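Novice: Here you go, this is start_0.json (JSON, C-alpha atoms).
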```
[["chain", "number", "residue", "atom", "x", "y", "z"],
["A", 90, "MET", "CA", 0.00, 0.00, 0.00],
["A", 91, "PHE", "CA", 1.24, 3.47, -0.94],
["A", 92, "ASP", "CA", -0.54, 6.41, 0.66],
["A", 93, "MET", "CA", 0.80, 9.95, 0.20],
["A", 94, "GLN", "CA", -1.28, 12.75, 1.67],
["A", 95, "VAL", "CA", -0.20, 16.32, 1.06],
["A", 96, "SER", "CA", -2.64, 18.70, 2.72],
["A", 97, "ARG", "CA", -2.97, 22.35, 3.71],
["A", 98, "LEU", "CA", -0.91, 23.77, 0.85],
["A", 99, "SER", "CA", 0.38, 27.23, 1.71],
["A", 100, "PHE", "CA", 2.57, 29.76, -0.06],
["A", 101, "ASP", "CA", 5.39, 31.76, 1.53],
["A", 102, "PRO", "CA", 5.71, 34.83, -0.71],
["A", 103, "ASP", "CA", 9.01, 35.91, 0.87],
["A", 104, "LEU", "CA", 10.72, 32.56, 0.33],
["A", 105, "GLN", "CA", 8.72, 31.77, -2.84],
["A", 106, "ILE", "CA", 8.08, 28.19, -1.71],
["A", 107, "VAL", "CA", 5.00, 26.03, -1.29],
["A", 108, "GLN", "CA", 4.67, 24.25, 2.03],
["A", 109, "ALA", "CA", 2.25, 21.56, 3.19],
["A", 110, "ASP", "CA", 1.57, 18.89, 5.75],
["A", 111, "VAL", "CA", 3.04, 15.69, 4.33],
["A", 112, "LYS", "CA", 2.09, 12.20, 5.40],
["A", 113, "LEU", "CA", 3.57, 9.22, 3.60],
["A", 114, "GLU", "CA", 2.73, 5.66, 4.55],
["A", 115, "ILE", "CA", 4.06, 2.63, 2.76],
["A", 116, "ASP", "CA", 2.84, -0.84, 3.70],
["A", 117, "GLY", "CA", 1.27, 0.57, 6.85],
["A", 118, "GLN", "CA", 4.53, 2.12, 8.04],
["A", 119, "SER", "CA", 4.65, 5.87, 8.64],
["A", 120, "VAL", "CA", 7.63, 7.14, 6.64],
["A", 121, "ILE", "CA", 6.96, 10.91, 6.81],
["A", 122, "GLU", "CA", 4.52, 12.91, 8.89],
["A", 123, "GLU", "CA", 5.38, 16.62, 9.23],
["A", 124, "PRO", "CA", 5.10, 20.05, 7.62],
["A", 125, "LEU", "CA", 7.57, 20.37, 4.74],
["A", 126, "CYS", "CA", 8.38, 22.32, 1.60],
["A", 127, "VAL", "CA", 6.87, 20.42, -1.32],
["A", 128, "ASP", "CA", 7.66, 22.40, -4.47],
["A", 129, "VAL", "CA", 11.47, 22.15, -4.47],
["A", 130, "GLY", "CA", 11.38, 18.36, -4.82],
["A", 131, "LEU", "CA", 8.06, 18.01, -6.62],
["A", 132, "PRO", "CA", 9.52, 17.67, -10.14],
["A", 133, "ALA", "CA", 11.90, 14.93, -8.92],
["A", 134, "LEU", "CA", 9.07, 13.20, -7.05],
["A", 135, "LEU", "CA", 6.92, 13.15, -10.19],
["A", 136, "LEU", "CA", 9.81, 11.90, -12.32],
["A", 137, "GLY", "CA", 10.28, 9.05, -9.81],
["A", 138, "GLY", "CA", 6.94, 7.70, -11.01],
["A", 139, "LEU", "CA", 8.43, 7.35, -14.49],
["A", 140, "GLU", "CA", 12.07, 6.37, -14.16],
["A", 141, "ASP", "CA", 14.92, 5.48, -11.81],
["A", 142, "MET", "CA", 16.16, 8.31, -9.61],
["A", 143, "SER", "CA", 19.22, 8.92, -7.46],
["A", 144, "PRO", "CA", 19.20, 12.07, -5.30],
["A", 145, "TYR", "CA", 21.97, 14.60, -4.73],
["A", 146, "ARG", "CA", 20.66, 17.48, -2.63],
["A", 147, "TRP", "CA", 23.64, 19.70, -3.42],
["A", 148, "ALA", "CA", 22.86, 19.78, -7.15],
["A", 149, "GLU", "CA", 22.21, 23.10, -8.86],
["A", 150, "ALA", "CA", 18.58, 24.21, -9.34],
["A", 151, "GLY", "CA", 18.69, 23.23, -13.02],
["A", 152, "GLN", "CA", 19.38, 19.65, -11.95],
["A", 153, "TRP", "CA", 15.87, 19.43, -10.48],
["A", 154, "GLN", "CA", 15.72, 15.66, -10.99],
["A", 155, "ARG", "CA", 18.33, 15.23, -8.21],
["A", 156, "MET", "CA", 16.43, 17.05, -5.43],
["A", 157, "PRO", "CA", 15.07, 15.28, -2.34],
["A", 158, "PHE", "CA", 11.34, 14.67, -2.75],
["A", 159, "PHE", "CA", 10.45, 16.67, 0.36],
["A", 160, "VAL", "CA", 12.68, 19.23, 2.08],
["A", 161, "CYS", "CA", 12.74, 21.29, 5.24],
["A", 162, "GLY", "CA", 9.96, 23.85, 5.61],
["A", 163, "CYS", "CA", 12.52, 26.58, 4.82],
["A", 164, "GLY", "CA", 12.81, 25.27, 1.26],
["A", 165, "ASP", "CA", 16.58, 24.67, 1.36],
["A", 166, "PRO", "CA", 17.41, 21.11, 0.23],
["A", 167, "GLU", "CA", 20.78, 21.33, 2.00],
["A", 168, "CYS", "CA", 19.04, 21.94, 5.34],
["A", 169, "ARG", "CA", 17.07, 18.73, 5.74],
["A", 170, "GLY", "CA", 15.13, 16.50, 3.43],
["A", 171, "PHE", "CA", 13.67, 13.13, 2.68],
["A", 172, "SER", "CA", 15.69, 11.60, -0.12],
["A", 173, "PHE", "CA", 14.74, 8.42, -1.90],
["A", 174, "ARG", "CA", 16.55, 6.40, -4.51],
["A", 175, "VAL", "CA", 13.93, 4.98, -6.86],
["A", 176, "THR", "CA", 14.55, 1.83, -8.86],
["A", 177, "HIS", "CA", 11.87, 0.59, -11.26],
["A", 178, "VAL", "CA", 11.79, -3.18, -10.91],
["A", 179, "ASP", "CA", 9.34, -3.74, -13.78],
["A", 180, "ALA", "CA", 6.25, -2.09, -15.31],
["A", 181, "GLU", "CA", 4.24, -2.59, -12.10],
["A", 182, "TRP", "CA", 6.64, -2.08, -9.20],
["A", 183, "ALA", "CA", 9.38, 0.26, -7.99],
["A", 184, "GLU", "CA", 11.65, 0.19, -4.98],
["A", 185, "TRP", "CA", 11.92, 3.35, -2.92],
["A", 186, "THR", "CA", 15.00, 3.35, -0.70],
["A", 187, "LEU", "CA", 15.20, 6.04, 1.98],
["A", 188, "VAL", "CA", 18.74, 7.44, 2.01],
["A", 189, "GLU", "CA", 20.67, 9.84, 4.17],
["A", 190, "GLU", "CA", 22.77, 11.79, 1.74],
["A", 191, "ALA", "CA", 26.40, 12.78, 2.19],
["A", 192, "GLU", "CA", 28.01, 15.43, 0.02],
["A", 193, "ASP", "CA", 30.72, 12.98, -1.03],
["A", 194, "ARG", "CA", 27.90, 10.70, -2.24],
["A", 195, "SER", "CA", 28.57, 8.00, 0.35],
["A", 196, "ASN", "CA", 24.89, 7.72, 1.15],
["A", 197, "ARG", "CA", 23.60, 5.71, 4.07],
["A", 198, "GLU", "CA", 20.67, 3.52, 3.05],
["A", 199, "TYR", "CA", 17.74, 2.86, 5.34],
["A", 200, "GLU", "CA", 14.47, 1.08, 4.56],
["A", 201, "THR", "CA", 13.58, -0.09, 1.08],
["A", 202, "TYR", "CA", 9.89, -0.18, 0.19],
["A", 203, "VAL", "CA", 8.27, -1.93, -2.76],
["A", 204, "VAL", "CA", 5.73, 0.46, -4.25],
["A", 205, "SER", "CA", 2.92, -0.20, -6.70],
["A", 206, "LEU", "CA", 3.51, 2.11, -9.66],
["A", 207, "ASP", "CA", -0.25, 2.20, -10.31],
["A", 208, "GLU", "CA", -1.01, 3.50, -6.80],
["A", 209, "CYS", "CA", 1.99, 5.81, -6.83],
["A", 210, "ARG", "CA", 1.28, 7.35, -10.24],
["A", 211, "ARG", "CA", -2.37, 7.92, -9.42],
["A", 212, "GLN", "CA", -1.41, 9.90, -6.32],
["A", 213, "LEU", "CA", 1.42, 11.75, -8.06],
["A", 214, "ILE", "CA", -0.94, 12.90, -10.82],
["A", 215, "GLU", "CA", -3.42, 14.16, -8.24],
["A", 216, "LEU", "CA", -0.68, 16.00, -6.32],
["A", 217, "GLY", "CA", 0.78, 17.54, -9.47],
["A", 218, "GLU", "CA", -2.64, 18.76, -10.63],
["A", 219, "ARG", "CA", -3.46, 20.21, -7.18],
["A", 220, "PHE", "CA", -0.10, 21.97, -7.08],
["A", 221, "LEU", "CA", -0.64, 23.51, -10.53],
["A", 222, "GLN", "CA", -4.11, 24.75, -9.53],
["A", 223, "PHE", "CA", -2.75, 26.13, -6.27],
["A", 224, "VAL", "CA", 0.11, 28.18, -7.79],
["A", 225, "GLU", "CA", -1.81, 29.39, -10.86],
["A", 226, "PRO", "CA", -3.20, 32.59, -9.25],
["A", 227, "LEU", "CA", -0.02, 33.31, -7.26],
["A", 228, "ASP", "CA", 2.94, 35.53, -8.01],
["A", 229, "TYR", "CA", 5.09, 32.41, -7.84],
["A", 230, "ARG", "CA", 8.76, 32.85, -8.72],
["A", 231, "PRO", "CA", 10.60, 29.74, -7.47],
["A", 232, "TYR", "CA", 14.37, 29.31, -7.40],
["A", 233, "PHE", "CA", 14.03, 26.79, -10.23],
["A", 234, "ALA", "CA", 12.18, 29.10, -12.62],
["A", 235, "ASP", "CA", 10.78, 26.26, -14.77],
["A", 236, "THR", "CA", 9.06, 24.45, -11.89],
["A", 237, "VAL", "CA", 5.53, 24.98, -13.26],
["A", 238, "PRO", "CA", 6.19, 23.93, -16.89],
["A", 239, "VAL", "CA", 8.24, 20.93, -15.76],
["A", 240, "VAL", "CA", 5.51, 19.82, -13.33],
["A", 241, "ARG", "CA", 2.88, 20.28, -16.06],
["A", 242, "GLN", "CA", 4.91, 18.13, -18.51],
["A", 243, "LEU", "CA", 5.58, 15.42, -15.94],
["A", 244, "VAL", "CA", 1.90, 15.20, -15.00],
["A", 245, "GLU", "CA", 1.08, 14.62, -18.67],
["A", 246, "TRP", "CA", 3.76, 11.93, -18.96],
["A", 247, "LEU", "CA", 2.46, 10.26, -15.79],
["A", 248, "LYS", "CA", -1.06, 10.22, -17.27],
["A", 249, "LEU", "CA", 0.29, 8.56, -20.42],
["A", 250, "ALA", "CA", 2.22, 5.98, -18.38],
["A", 251, "GLN", "CA", -0.89, 5.31, -16.26],
["A", 252, "ALA", "CA", -3.08, 4.91, -19.36],
["A", 253, "GLY", "CA", -0.51, 2.53, -20.86],
["A", 254, "ASN", "CA", -0.76, 0.25, -17.81],
["A", 255, "GLU", "CA", -4.56, 0.05, -17.76]]
```
Have the structure of the file written as structure tokens, please.

Specialist:
Amino acid sequence: MFDMQVSRLSFDPDLQIVQADVKLEIDGQSVIEEPLCVDVGLPALLLGGLEDMSPYRWAEAGQWQRMPFFVCGCGDPECRGFSFRVTHVDAEWAEWTLVEEAEDRSNREYETYVVSLDECRRQLIELGERFLQFVEPLDYRPYFADTVPVVRQLVEWLKLAQAGNE
């Protein structure tokens, strides 16, 4: 079971980040349950529903696919984050491995979870669409300037991948 709940989206106009309460449960285990910044890692999170990922929180903004999926409420990925390495096992399953990143890339691995891509993609599409609706009326100028177009494209790709598996 994969259950990702992102609720109470809010916008910090000074930091230009979107924050929310994040709750992630996998196979009945609570993996994340706290307020976090969700937009910095959202493109990487969405891409994880499509292909293998390996995080590096010290990457430049243009290397959005390397960001932790969820980061500290301040929006700085170097501060604190939840980083996952994603490995697609086959067309139906992926492994999400929680990692503690080190700048020299000697990551410490923690739990590995087997995730249904169908469940994951369905929830990622919903999150991506909610995010796009939320930021549409805002004067949103994120550090990674292409956040909105990248999220929009990834949501479309996720929909195509989901339709291909039905």

Novice: Compile the contact shell of stretch 240-242 of chain A as a list in words: residues with an atom at most 9 Å away, counting all atoms listed in the file, same-chain residues fewer than 5 positions apart removed.

Specialist: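 Selected residues are Leu131, Pro132, Leu135, Gly217, Glu218, Phe220, Leu221, Asp235 and Leu247 of chain A.
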
Novice: Can you tell me, as a ChimeraX atom specification, what residues are no more than 12 Å from A:Leu104 when counting only C-alpha atoms, ignoring any on the same chain fewer than 4 positions away?

Specialist: /A:99-100,108,126,128-129,162-165,228-232

Novice: Sort by chain and increasing residue number a table of all residues of stretch 193-238 of chain A within 10 Å of stretch 182-187 of chain A, each with its closest pair of atoms and their distance in Å to one decimal, counting only C-alpha atoms, and write it as JSON lines.

Specialist:
```
{"residue": "A:Asn196", "atom": "CA", "partner": "A:Leu187", "partner_atom": "CA", "distance": 9.9}
{"residue": "A:Arg197", "atom": "CA", "partner": "A:Leu187", "partner_atom": "CA", "distance": 8.7}
{"residue": "A:Glu198", "atom": "CA", "partner": "A:Leu187", "partner_atom": "CA", "distance": 6.1}
{"residue": "A:Tyr199", "atom": "CA", "partner": "A:Leu187", "partner_atom": "CA", "distance": 5.3}
{"residue": "A:Glu200", "atom": "CA", "partner": "A:Leu187", "partner_atom": "CA", "distance": 5.6}
{"residue": "A:Thr201", "atom": "CA", "partner": "A:Thr186", "partner_atom": "CA", "distance": 4.1}
{"residue": "A:Tyr202", "atom": "CA", "partner": "A:Trp185", "partner_atom": "CA", "distance": 5.1}
{"residue": "A:Val203", "atom": "CA", "partner": "A:Glu184", "partner_atom": "CA", "distance": 4.6}
{"residue": "A:Val204", "atom": "CA", "partner": "A:Ala183", "partner_atom": "CA", "distance": 5.2}
{"residue": "A:Ser205", "atom": "CA", "partner": "A:Trp182", "partner_atom": "CA", "distance": 4.9}
{"residue": "A:Leu206", "atom": "CA", "partner": "A:Trp182", "partner_atom": "CA", "distance": 5.3}
{"residue": "A:Asp207", "atom": "CA", "partner": "A:Trp182", "partner_atom": "CA", "distance": 8.2}
{"residue": "A:Glu208", "atom": "CA", "partner": "A:Trp182", "partner_atom": "CA", "distance": 9.8}
{"residue": "A:Cys209", "atom": "CA", "partner": "A:Ala183", "partner_atom": "CA", "distance": 9.3}
```

Novice: May I ask which of the residues A:Ser195, A:Gln152, A:Asn254, A:Ser172 is the closest one to A:Val239, counting all atoms listed in the file?

Specialist: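 Looking only at the distances to A:Val239, the closest residue turns out to be A:Gln152.
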
Novice: Just to confirm, what's the straight-line distance from atom CA of A:Gln94 to atom CA of A:Val111 in Å (one decimal)?

Specialist: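 Computing the Euclidean distance for atom CA of A:Gln94 and atom CA of A:Val111 yields 5.9 Å.
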
Novice: For A:Lys112, which residue out of A:Pro166, A:Pro124, A:Pro157, A:Pro226 is the nearest one, using only C-alpha atoms?

Specialist: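 The answer is A:Pro124, which sits nearest to A:Lys112.
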
Novice: Have a look at atom CA of A:Asp101 and atom CA of A:Val160 and let me know their distance in Å, one decimal.

Specialist: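 Answer for the atom CA of A:Asp101 to atom CA of A:Val160 separation: 14.5 Å.
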
Novice: Please determine, counting all atoms listed in the file, which residue among A:Glu114, A:Trp153, A:Phe223, A:Ala250 has the shortest atom-to-atom distance to A:Glu140.

Specialist: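 Of the candidates, the smallest distance to A:Glu140 is held by A:Ala250.
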
Novice: Distance atom CA of A:Gln251-atom CA of A:Gly117, one decimal place?

Specialist: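 Value for the atom CA of A:Gln251-atom CA of A:Gly117 distance: 23.7 Å.
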
Novice: Under the rule that only C-alpha atoms are counted, which of A:Gln118, A:Leu227, A:Arg146, A:Arg155 is the nearest residue to A:Arg169?

Specialist: A:Arg146

Novice: Which residue out of A:Val188, A:Met142, A:Leu125, A:Ala180 has the minimum interatomic distance to A:Cys168 when all atoms listed in the file are used?

Specialist: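 With all atoms listed in the file as the atom set, the closest residue is A:Leu125.
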
Novice: For A:Glu190, which of A:Met156, A:Met90, A:Ala133, A:Val175 is the closest residue, counting all atoms listed in the file?

Specialist: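 Closest to A:Glu190 of all the choices is A:Met156.
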